[in-house]
>>> print(open('start_15.cif').read())   # mmCIF, C-alpha atoms
data_final
#
loop_
_atom_site.label_atom_id
_atom_site.label_comp_id
_atom_site.auth_asym_id
_atom_site.auth_seq_id
_atom_site.Cartn_x
_atom_site.Cartn_y
_atom_site.Cartn_z
CA MET A 1 131.26 98.16 -29.68
CA LEU A 2 133.22 97.89 -26.55
CA ILE A 3 137.00 97.35 -26.75
CA ASP A 4 138.48 94.70 -24.50
CA TRP A 5 141.60 96.48 -23.60
CA PHE A 6 142.93 93.54 -21.67
CA THR A 7 142.68 91.37 -24.72
CA VAL A 8 144.29 94.03 -26.90
CA ILE A 9 147.14 94.56 -24.50
CA ALA A 10 147.58 90.80 -24.14
CA GLN A 11 147.71 90.38 -27.93
CA VAL A 12 150.21 93.25 -28.21
CA VAL A 13 152.34 91.69 -25.54
CA ASN A 14 152.10 88.32 -27.25
CA PHE A 15 153.06 89.93 -30.57
CA LEU A 16 156.02 91.67 -29.01
CA ILE A 17 157.09 88.46 -27.34
CA LEU A 18 156.71 86.62 -30.67
CA VAL A 19 158.76 89.27 -32.50
CA TRP A 20 161.43 89.09 -29.83
CA LEU A 21 161.46 85.30 -29.96
CA MET A 22 161.64 85.27 -33.76
CA LYS A 23 164.38 87.85 -33.73
CA ARG A 24 166.23 86.00 -31.01
CA PHE A 25 165.89 82.50 -32.25
CA LEU A 26 165.13 82.84 -36.00
CA TYR A 27 166.34 86.04 -37.63
CA ALA A 28 169.66 86.26 -35.81
CA PRO A 29 170.85 82.77 -36.83
CA ILE A 30 169.59 83.32 -40.33
CA LEU A 31 171.36 86.64 -40.61
CA SER A 32 174.52 85.14 -39.08
CA ALA A 33 174.35 82.26 -41.53
CA ILE A 34 173.85 84.69 -44.40
CA ASP A 35 176.80 86.81 -43.22
CA ALA A 36 178.98 83.74 -42.80
CA ARG A 37 177.98 82.48 -46.21
CA GLU A 38 178.70 85.88 -47.77
CA LYS A 39 182.07 85.95 -46.04
CA ARG A 40 182.83 82.38 -47.18
CA ILE A 41 181.79 83.21 -50.72
CA ALA A 42 183.89 86.39 -50.62
CA ALA A 43 186.86 84.35 -49.28
CA GLU A 44 186.37 81.72 -51.97
CA LEU A 45 186.15 84.43 -54.63
CA ALA A 46 189.32 86.04 -53.29
CA ASP A 47 191.04 82.67 -53.18
CA ALA A 48 189.84 81.94 -56.72
CA GLU A 49 191.17 85.31 -57.88
CA ALA A 50 194.47 84.61 -56.14
CA LYS A 51 194.68 81.19 -57.75
CA GLN A 52 193.76 82.71 -61.10
CA SER A 53 196.47 85.32 -60.66
CA GLU A 54 198.95 82.60 -59.67
CA ALA A 55 197.89 80.53 -62.65
CA GLN A 56 198.28 83.56 -64.92
CA ARG A 57 201.70 84.24 -63.42
CA GLU A 58 202.74 80.64 -63.89
CA ARG A 59 201.36 80.69 -67.43
CA ASP A 60 203.33 83.86 -68.23
CA GLU A 61 206.44 82.36 -66.63
CA PHE A 62 206.00 79.15 -68.58
CA LYS A 63 205.55 81.13 -71.79
CA HIS A 64 208.68 83.16 -71.01
CA LYS A 65 210.63 80.00 -70.30
CA ASN A 66 209.38 78.49 -73.54
CA GLU A 67 210.52 81.56 -75.43
CA GLU A 68 213.93 81.41 -73.75
CA PHE A 69 214.17 77.70 -74.49
CA ALA A 70 213.25 78.33 -78.13
CA LEU A 71 215.95 81.01 -78.36
CA GLN A 72 218.50 78.74 -76.67
CA ARG A 73 217.54 75.83 -78.91
CA LYS A 74 217.89 78.05 -81.97
CA ALA A 75 221.29 79.33 -80.78
CA MET A 76 222.46 75.79 -79.95
CA LEU A 77 221.24 74.52 -83.31
CA SER A 78 223.03 77.36 -85.09
CA THR A 79 226.23 76.67 -83.12
CA ALA A 80 225.99 72.94 -83.78
CA THR A 81 225.40 73.57 -87.48
CA LEU A 82 228.43 75.86 -87.62
CA GLU A 83 230.55 73.32 -85.73
CA VAL A 84 229.43 70.55 -88.08
CA GLN A 85 230.28 72.68 -91.12
CA THR A 86 233.66 73.59 -89.61
CA GLU A 87 234.42 69.97 -88.75
CA ARG A 88 233.31 68.86 -92.20
CA GLN A 89 235.55 71.46 -93.81
CA ARG A 90 238.44 70.39 -91.57
CA LEU A 91 237.96 66.73 -92.44
CA LEU A 92 237.70 67.56 -96.14
CA GLU A 93 240.88 69.64 -95.89
CA GLU A 94 242.69 66.84 -94.07
CA ALA A 95 241.50 64.31 -96.64
CA ARG A 96 242.59 66.58 -99.50
CA LYS A 97 245.99 67.18 -97.91
CA ALA A 98 246.42 63.46 -97.21
CA SER A 99 245.51 62.71 -100.82
CA GLU A 100 247.95 65.31 -102.11
CA ASP A 101 250.69 64.03 -99.78
CA LEU A 102 250.02 60.46 -100.92
CA ARG A 103 250.09 61.48 -104.57
CA ALA A 104 253.25 63.54 -104.04
CA GLY A 105 254.85 60.62 -102.21
CA GLN A 106 253.91 58.23 -105.00
CA GLU A 107 255.23 60.62 -107.63
CA GLU A 108 258.46 61.13 -105.68
CA ALA A 109 258.81 57.35 -105.27
CA MET A 110 258.27 56.90 -109.01
CA ARG A 111 260.85 59.59 -109.79
CA THR A 112 263.29 58.02 -107.32
CA ASP A 113 262.75 54.57 -108.81
CA PHE A 114 263.18 56.01 -112.29
CA ARG A 115 266.40 57.79 -111.32
CA ASN A 116 267.69 54.67 -109.59
CA LEU A 117 266.91 52.65 -112.69
CA GLY A 118 268.75 55.17 -114.87
CA ASP A 119 271.71 55.21 -112.47
CA GLU A 120 271.78 51.41 -112.41
CA ILE A 121 271.68 51.24 -116.21
CA MET A 122 274.48 53.82 -116.46
CA ARG A 123 276.52 52.05 -113.80
CA ARG A 124 276.18 48.66 -115.43
CA SER A 125 276.84 50.13 -118.87
CA ARG A 126 279.91 51.91 -117.56
CA ASP A 127 281.21 48.83 -115.78
CA GLU A 128 280.65 46.68 -118.85
CA VAL A 129 282.30 49.22 -121.14
CA PHE A 130 285.22 49.65 -118.77
CA ALA A 131 285.60 45.89 -118.44
CA ILE A 132 285.53 45.44 -122.23
CA ALA A 133 287.95 48.33 -122.71
CA ARG A 134 290.37 46.97 -120.13
CA LYS A 135 290.22 43.50 -121.61
CA THR A 136 290.61 44.83 -125.13
CA LEU A 137 293.53 47.08 -124.21
CA ASP A 138 295.18 44.31 -122.25
CA ASP A 139 294.96 42.10 -125.33
CA LEU A 140 296.21 44.88 -127.64
CA ALA A 141 298.94 46.24 -125.37
CA THR A 142 302.08 46.55 -127.49
CA GLU A 143 305.03 48.91 -127.71
CA SER A 144 303.33 50.65 -130.61
CA LEU A 145 300.24 51.30 -128.48
CA GLU A 146 302.39 52.66 -125.65
CA GLU A 147 304.21 54.97 -128.03
CA HIS A 148 300.91 56.30 -129.34
CA MET A 149 299.72 56.79 -125.75
CA VAL A 150 302.82 58.86 -124.94
CA GLU A 151 302.38 60.89 -128.12
CA ALA A 152 298.73 61.55 -127.23
CA PHE A 153 299.76 62.60 -123.71
CA ILE A 154 302.39 65.01 -125.05
CA ARG A 155 299.83 66.52 -127.44
CA ARG A 156 297.50 66.92 -124.46
CA CYS A 157 300.24 68.80 -122.56
CA ARG A 158 300.89 71.11 -125.51
CA ALA A 159 297.17 71.77 -125.98
CA VAL A 160 296.41 73.08 -122.47
CA GLY A 161 294.79 76.52 -122.35
CA ASP A 162 296.61 79.64 -121.27
CA VAL A 163 294.96 79.81 -117.84
CA GLU A 164 295.65 76.16 -117.10
CA LYS A 165 299.15 76.45 -118.48
CA THR A 166 299.94 79.45 -116.25
CA ALA A 167 298.65 77.64 -113.17
CA LEU A 168 300.65 74.53 -114.03
CA GLN A 169 303.82 76.51 -114.64
CA ALA A 170 303.44 78.19 -111.24
CA ALA A 171 302.85 74.78 -109.63
CA PHE A 172 305.94 73.29 -111.28
CA LYS A 173 308.09 76.24 -110.24
CA THR A 174 307.05 75.94 -106.60
CA ALA A 175 307.16 72.15 -106.48
CA ALA A 176 309.04 70.89 -103.42
CA GLY A 177 309.41 67.36 -104.76
CA PRO A 178 309.55 65.48 -108.05
CA ALA A 179 306.78 65.52 -110.62
CA LEU A 180 304.82 62.27 -110.49
CA VAL A 181 304.13 60.45 -113.77
CA ARG A 182 301.69 57.55 -113.53
CA SER A 183 300.95 55.18 -116.41
CA THR A 184 299.03 51.98 -117.00
CA PHE A 185 302.10 50.18 -118.36
CA PRO A 186 305.76 50.52 -117.45
CA LEU A 187 307.28 53.18 -119.75
CA PRO A 188 310.54 52.51 -121.55
CA ALA A 189 313.41 54.96 -121.08
CA ALA A 190 312.85 56.62 -124.48
CA GLN A 191 309.21 57.37 -123.71
CA ARG A 192 310.11 58.64 -120.23
CA LYS A 193 312.67 60.95 -121.82
CA ALA A 194 310.08 62.25 -124.28
CA ILE A 195 307.66 63.06 -121.43
CA GLU A 196 310.43 64.81 -119.46
CA LEU A 197 311.45 66.95 -122.45
CA ALA A 198 307.87 67.92 -123.24
CA THR A 199 307.18 68.80 -119.57
CA ARG A 200 310.31 70.98 -119.31
CA GLU A 201 309.48 72.67 -122.60
CA VAL A 202 305.80 73.38 -121.97
CA PHE A 203 305.78 74.00 -118.22
CA ALA A 204 309.39 75.19 -117.66
CA PHE A 205 309.94 72.49 -115.07
CA GLU A 206 313.50 72.00 -113.85
CA GLY A 207 313.00 69.41 -111.12
CA GLN A 208 313.11 65.64 -111.03
CA PHE A 209 310.55 63.08 -112.23
CA GLN A 210 309.13 60.03 -110.53
CA PHE A 211 307.53 57.31 -112.67
CA GLU A 212 304.97 54.85 -111.31
CA THR A 213 302.79 52.14 -112.78
CA SER A 214 299.06 52.31 -111.91
CA PRO A 215 297.01 49.42 -113.30
CA ASP A 216 293.84 51.16 -112.14
CA LEU A 217 294.27 53.75 -114.92
CA VAL A 218 292.22 52.88 -117.99
CA SER A 219 295.13 53.00 -120.47
CA GLY A 220 296.38 56.46 -119.73
CA ILE A 221 299.14 58.71 -118.39
CA THR A 222 298.92 61.40 -115.70
CA LEU A 223 301.42 64.10 -114.68
CA SER A 224 300.79 65.71 -111.28
CA VAL A 225 302.56 68.20 -109.03
CA ASN A 226 301.39 70.27 -106.06
CA GLY A 227 297.79 69.11 -106.51
CA TYR A 228 297.68 70.00 -110.23
CA GLU A 229 297.37 67.32 -112.85
CA VAL A 230 297.57 66.86 -116.62
CA ALA A 231 296.15 63.58 -117.86
CA TRP A 232 295.29 61.66 -120.97
CA SER A 233 293.37 58.42 -120.75
CA ILE A 234 290.98 56.31 -122.68
CA ALA A 235 288.77 56.86 -119.63
CA ASP A 236 288.13 60.34 -121.04
CA TYR A 237 286.45 58.75 -124.04
CA LEU A 238 284.60 56.37 -121.76
CA LEU A 239 283.38 59.33 -119.71
CA ALA A 240 282.12 60.92 -122.90
CA LEU A 241 280.31 57.65 -123.61
CA LYS A 242 278.88 57.75 -120.09
CA GLN A 243 277.64 61.29 -120.69
CA ASN A 244 275.97 60.21 -123.91
CA VAL A 245 274.31 57.31 -122.13
CA GLY A 246 273.21 59.69 -119.38
CA ASP A 247 271.72 62.07 -121.95
CA LEU A 248 269.92 59.16 -123.54
CA LEU A 249 268.47 58.10 -120.20
CA SER A 250 267.62 61.64 -119.09
CA ILE A 251 264.02 61.31 -120.15
CA GLN A 252 261.01 62.48 -118.22
CA SER A 253 259.53 60.53 -115.37
CA PRO A 254 255.97 59.16 -115.83
CA ALA A 255 254.52 61.82 -113.51
CA GLU A 256 256.20 64.64 -115.46
CA GLU A 257 254.96 63.13 -118.73
CA GLN A 258 251.43 63.14 -117.34
CA LYS A 259 251.80 66.81 -116.38
CA GLU A 260 252.89 67.71 -119.89
CA LEU A 261 250.14 65.60 -121.47
CA HIS A 262 247.54 67.22 -119.17
CA PRO A 263 248.80 70.72 -118.28
CA GLU A 264 245.31 71.79 -117.26
CA ASP A 265 245.56 69.49 -114.21
CA GLY A 266 248.18 71.76 -112.71
CA ALA A 267 246.01 74.84 -113.29
CA ASN A 268 242.85 73.25 -111.93
CA GLY A 269 244.27 71.95 -108.68
CA HIS A 270 242.22 71.67 -105.51
CA GLY A 271 241.82 74.89 -103.63
#
>>> encode(input="start_15.cif", output="structure tokens")
Amino acid sequence: MLIDWFTVIAQVVNFLILVWLMKRFLYAPILSAIDAREKRIAAELADAEAKQSEAQRERDEFKHKNEEFALQRKAMLSTATLEVQTERQRLLEEARKASEDLRAGQEEAMRTDFRNLGDEIMRRSRDEVFAIARKTLDDLATESLEEHMVEAFIRRCRAVGDVEKTALQAAFKTAAGPALVRSTFPLPAAQRKAIELATREVFAFEGQFQFETSPDLVSGITLSVNGYEVAWSIADYLLALKQNVGDLLSIQSPAEEQKELHPEDGANGHG
């Protein structure tokens, strides 16, 4: 068989031309497209990894912020709870103190009212007794009563204690003026003489005497010199009566009675 070399060479040339054309117009674009696609896919993968990393970072940051917020919330809640407890304790303490102050004020007011009532009773009793005594003595004032008053005064002078007597004697010795004798009623000469003799005898007085009438005295006689005084008066008995009335009225206030009836209240006071 004869080979047609022209045909063979022409087919080879055609094949080479076809290969070149396919490579030029088919393979190159395909390969370029494949490379571009691979590059785009690689870029997308890199971008996806970057976004994933960013998302992970943001997730970690969000978790960290949540943990910090939880810690802050816990600290704030603890602080608020402590402040509420402190404020509650302060308000309770203020309320307790206000209650105690109110109770103390009420008790003091009750004691004051009770004392004022006792003082008013004593004052009225004293005034009434003094008024009755004055009226009675005014009605019974006679020479015999005056003589007995002078005798009682002289007995009072003779009955002074040693310390008082010494002080009175020193006062009478240093007296620059007369000894003052005051009486409720004018004293007759005989009774004045008796007082002078008793004063000179008991207190060794050598000076002069001055007699005055003092209606404000409750049936009594006083002898004074240099600020010292010896006195006898029915007022002394009235003062004793006043003391007895005072002792009678010196009873416990209602609050003190409650404390004695319930002594455990004082031991179980609010802390």
>>> resolve_selection(input="start_15.cif", expression="the PyMOL selection byres ((chain A and resi 188) around 12)", output="list of chain:residue names")
A:Thr142, A:Glu143, A:Ser144, A:Glu146, A:Glu147, A:Val150, A:Ser183, A:Phe185, A:Pro186, A:Leu187, A:Ala189, A:Ala190, A:Gln191, A:Arg192, A:Lys193, A:Ala194, A:Ile195, A:Phe211, A:Glu212, A:Thr213
>>> atom_distance(input="start_15.cif", atom1="atom CA of Asp216 of chain A", atom2="atom CA of Glu201 of chain A")
28.6 Å
>>> atom_distance(input="start_15.cif", atom1="atom CA of Leu102 of chain A", atom2="atom CA of Arg115 of chain A")
19.6 Å
>>> closest_residue(input="start_15.cif", among="A:Thr199, A:Gln210, A:Asn226, A:Thr79", to="Thr174 of chain A", atoms="all atoms listed in the file")
A:Asn226
>>> atom_distance(input="start_15.cif", atom1="atom CA of Ile41 of chain A", atom2="atom CA of Leu21 of chain A")
29.1 Å
>>> resolve_selection(input="start_15.cif", expression="the PyMOL selection byres ((chain A and resi 153) around 9)", output="ChimeraX atom specification")
/A:148-152,154-158,195,220-222,230-233
>>> write_last_selection(input="start_15.cif", atoms="C-alpha atoms", output="PDB file, in the coordinates of the input")
ATOM      1  CA  HIS A 148     300.910  56.300-129.340  1.00  0.00           C
ATOM      2  CA  MET A 149     299.720  56.790-125.750  1.00  0.00           C
ATOM      3  CA  VAL A 150     302.820  58.860-124.940  1.00  0.00           C
ATOM      4  CA  GLU A 151     302.380  60.890-128.120  1.00  0.00           C
ATOM      5  CA  ALA A 152     298.730  61.550-127.230  1.00  0.00           C
ATOM      6  CA  ILE A 154     302.390  65.010-125.050  1.00  0.00           C
ATOM      7  CA  ARG A 155     299.830  66.520-127.440  1.00  0.00           C
ATOM      8  CA  ARG A 156     297.500  66.920-124.460  1.00  0.00           C
ATOM      9  CA  CYS A 157     300.240  68.800-122.560  1.00  0.00           C
ATOM     10  CA  ARG A 158     300.890  71.110-125.510  1.00  0.00           C
ATOM     11  CA  ILE A 195     307.660  63.060-121.430  1.00  0.00           C
ATOM     12  CA  GLY A 220     296.380  56.460-119.730  1.00  0.00           C
ATOM     13  CA  ILE A 221     299.140  58.710-118.390  1.00  0.00           C
ATOM     14  CA  THR A 222     298.920  61.400-115.700  1.00  0.00           C
ATOM     15  CA  VAL A 230     297.570  66.860-116.620  1.00  0.00           C
ATOM     16  CA  ALA A 231     296.150  63.580-117.860  1.00  0.00           C
ATOM     17  CA  TRP A 232     295.290  61.660-120.970  1.00  0.00           C
ATOM     18  CA  SER A 233     293.370  58.420-120.750  1.00  0.00           C
TER      19      SER A 233
END
>>> closest_residue(input="start_15.cif", among="A:Val181, A:Leu117, A:Val225, A:Leu18", to="Leu168 of chain A", atoms="only C-alpha atoms")
A:Val225
>>> residues_around(input="start_15.cif", residues="Gly207 of chain A", least_positions_apart="4", cutoff="9 Å", atoms="all atoms listed in the file", output="ChimeraX atom specification")
/A:172-173,175-179,200
>>> decode(input="start_15.cif", residues="segment 50-130 of chain A", atoms="C-alpha atoms", output="PDB file, in the first residue's frame")
ATOM      1  CA  ALA A  50     -12.130  36.049  58.592  1.00  0.00           C
ATOM      2  CA  LYS A  51     -15.822  36.573  59.242  1.00  0.00           C
ATOM      3  CA  GLN A  52     -15.906  33.414  61.339  1.00  0.00           C
ATOM      4  CA  SER A  53     -12.923  34.650  63.325  1.00  0.00           C
ATOM      5  CA  GLU A  54     -14.589  38.052  63.737  1.00  0.00           C
ATOM      6  CA  ALA A  55     -17.801  36.361  64.794  1.00  0.00           C
ATOM      7  CA  GLN A  56     -15.879  34.200  67.272  1.00  0.00           C
ATOM      8  CA  ARG A  57     -14.108  37.285  68.592  1.00  0.00           C
ATOM      9  CA  GLU A  58     -17.379  39.144  68.934  1.00  0.00           C
ATOM     10  CA  ARG A  59     -18.950  36.101  70.584  1.00  0.00           C
ATOM     11  CA  ASP A  60     -16.060  35.873  73.073  1.00  0.00           C
ATOM     12  CA  GLU A  61     -16.280  39.624  73.701  1.00  0.00           C
ATOM     13  CA  PHE A  62     -20.024  39.407  74.206  1.00  0.00           C
ATOM     14  CA  LYS A  63     -19.558  36.489  76.601  1.00  0.00           C
ATOM     15  CA  HIS A  64     -16.898  38.442  78.508  1.00  0.00           C
ATOM     16  CA  LYS A  65     -19.158  41.474  78.694  1.00  0.00           C
ATOM     17  CA  ASN A  66     -22.003  39.284  79.912  1.00  0.00           C
ATOM     18  CA  GLU A  67     -19.770  37.863  82.618  1.00  0.00           C
ATOM     19  CA  GLU A  68     -18.680  41.365  83.646  1.00  0.00           C
ATOM     20  CA  PHE A  69     -22.293  42.531  83.635  1.00  0.00           C
ATOM     21  CA  ALA A  70     -23.297  39.541  85.775  1.00  0.00           C
ATOM     22  CA  LEU A  71     -20.515  40.358  88.243  1.00  0.00           C
ATOM     23  CA  GLN A  72     -21.488  44.039  88.285  1.00  0.00           C
ATOM     24  CA  ARG A  73     -25.156  43.168  88.712  1.00  0.00           C
ATOM     25  CA  LYS A  74     -24.277  40.836  91.578  1.00  0.00           C
ATOM     26  CA  ALA A  75     -22.096  43.502  93.221  1.00  0.00           C
ATOM     27  CA  MET A  76     -24.782  46.171  92.729  1.00  0.00           C
ATOM     28  CA  LEU A  77     -27.448  43.846  94.102  1.00  0.00           C
ATOM     29  CA  SER A  78     -25.274  43.048  97.119  1.00  0.00           C
ATOM     30  CA  THR A  79     -24.592  46.767  97.691  1.00  0.00           C
ATOM     31  CA  ALA A  80     -28.274  47.632  97.302  1.00  0.00           C
ATOM     32  CA  THR A  81     -29.243  44.851  99.708  1.00  0.00           C
ATOM     33  CA  LEU A  82     -26.718  46.112 102.254  1.00  0.00           C
ATOM     34  CA  GLU A  83     -27.928  49.698 101.821  1.00  0.00           C
ATOM     35  CA  VAL A  84     -31.542  48.593 102.244  1.00  0.00           C
ATOM     36  CA  GLN A  85     -30.666  46.672 105.407  1.00  0.00           C
ATOM     37  CA  THR A  86     -28.685  49.640 106.736  1.00  0.00           C
ATOM     38  CA  GLU A  87     -31.504  52.066 105.938  1.00  0.00           C
ATOM     39  CA  ARG A  88     -34.037  49.704 107.479  1.00  0.00           C
ATOM     40  CA  GLN A  89     -31.942  49.424 110.622  1.00  0.00           C
ATOM     41  CA  ARG A  90     -31.559  53.212 110.728  1.00  0.00           C
ATOM     42  CA  LEU A  91     -35.292  53.763 110.344  1.00  0.00           C
ATOM     43  CA  LEU A  92     -36.031  51.141 113.001  1.00  0.00           C
ATOM     44  CA  GLU A  93     -33.525  52.810 115.329  1.00  0.00           C
ATOM     45  CA  GLU A  94     -35.048  56.235 114.685  1.00  0.00           C
ATOM     46  CA  ALA A  95     -38.537  54.863 115.272  1.00  0.00           C
ATOM     47  CA  ARG A  96     -37.417  53.154 118.493  1.00  0.00           C
ATOM     48  CA  LYS A  97     -35.693  56.310 119.717  1.00  0.00           C
ATOM     49  CA  ALA A  98     -38.717  58.439 118.800  1.00  0.00           C
ATOM     50  CA  SER A  99     -40.952  55.994 120.650  1.00  0.00           C
ATOM     51  CA  GLU A 100     -38.698  56.054 123.703  1.00  0.00           C
ATOM     52  CA  ASP A 101     -38.495  59.862 123.602  1.00  0.00           C
ATOM     53  CA  LEU A 102     -42.279  60.080 123.300  1.00  0.00           C
ATOM     54  CA  ARG A 103     -42.772  57.657 126.172  1.00  0.00           C
ATOM     55  CA  ALA A 104     -40.179  59.479 128.289  1.00  0.00           C
ATOM     56  CA  GLY A 105     -41.842  62.795 127.482  1.00  0.00           C
ATOM     57  CA  GLN A 106     -45.252  61.424 128.407  1.00  0.00           C
ATOM     58  CA  GLU A 107     -43.904  59.978 131.645  1.00  0.00           C
ATOM     59  CA  GLU A 108     -42.144  63.249 132.484  1.00  0.00           C
ATOM     60  CA  ALA A 109     -45.342  65.177 131.699  1.00  0.00           C
ATOM     61  CA  MET A 110     -47.297  62.817 133.954  1.00  0.00           C
ATOM     62  CA  ARG A 111     -44.740  63.229 136.744  1.00  0.00           C
ATOM     63  CA  THR A 112     -44.793  67.003 136.288  1.00  0.00           C
ATOM     64  CA  ASP A 113     -48.595  67.076 136.348  1.00  0.00           C
ATOM     65  CA  PHE A 114     -48.574  64.853 139.417  1.00  0.00           C
ATOM     66  CA  ARG A 115     -46.047  67.075 141.200  1.00  0.00           C
ATOM     67  CA  ASN A 116     -47.985  70.184 140.217  1.00  0.00           C
ATOM     68  CA  LEU A 117     -51.155  68.615 141.548  1.00  0.00           C
ATOM     69  CA  GLY A 118     -49.424  67.750 144.829  1.00  0.00           C
ATOM     70  CA  ASP A 119     -47.959  71.259 145.074  1.00  0.00           C
ATOM     71  CA  GLU A 120     -51.357  72.794 144.359  1.00  0.00           C
ATOM     72  CA  ILE A 121     -53.014  70.612 147.003  1.00  0.00           C
ATOM     73  CA  MET A 122     -50.317  71.529 149.529  1.00  0.00           C
ATOM     74  CA  ARG A 123     -50.540  75.205 148.632  1.00  0.00           C
ATOM     75  CA  ARG A 124     -54.299  75.313 148.942  1.00  0.00           C
ATOM     76  CA  SER A 125     -54.207  73.270 152.150  1.00  0.00           C
ATOM     77  CA  ARG A 126     -51.575  75.581 153.579  1.00  0.00           C
ATOM     78  CA  ASP A 127     -53.452  78.715 152.575  1.00  0.00           C
ATOM     79  CA  GLU A 128     -56.690  77.368 154.009  1.00  0.00           C
ATOM     80  CA  VAL A 129     -55.012  76.298 157.248  1.00  0.00           C
ATOM     81  CA  PHE A 130     -53.215  79.614 157.562  1.00  0.00           C
TER      82      PHE A 130
END
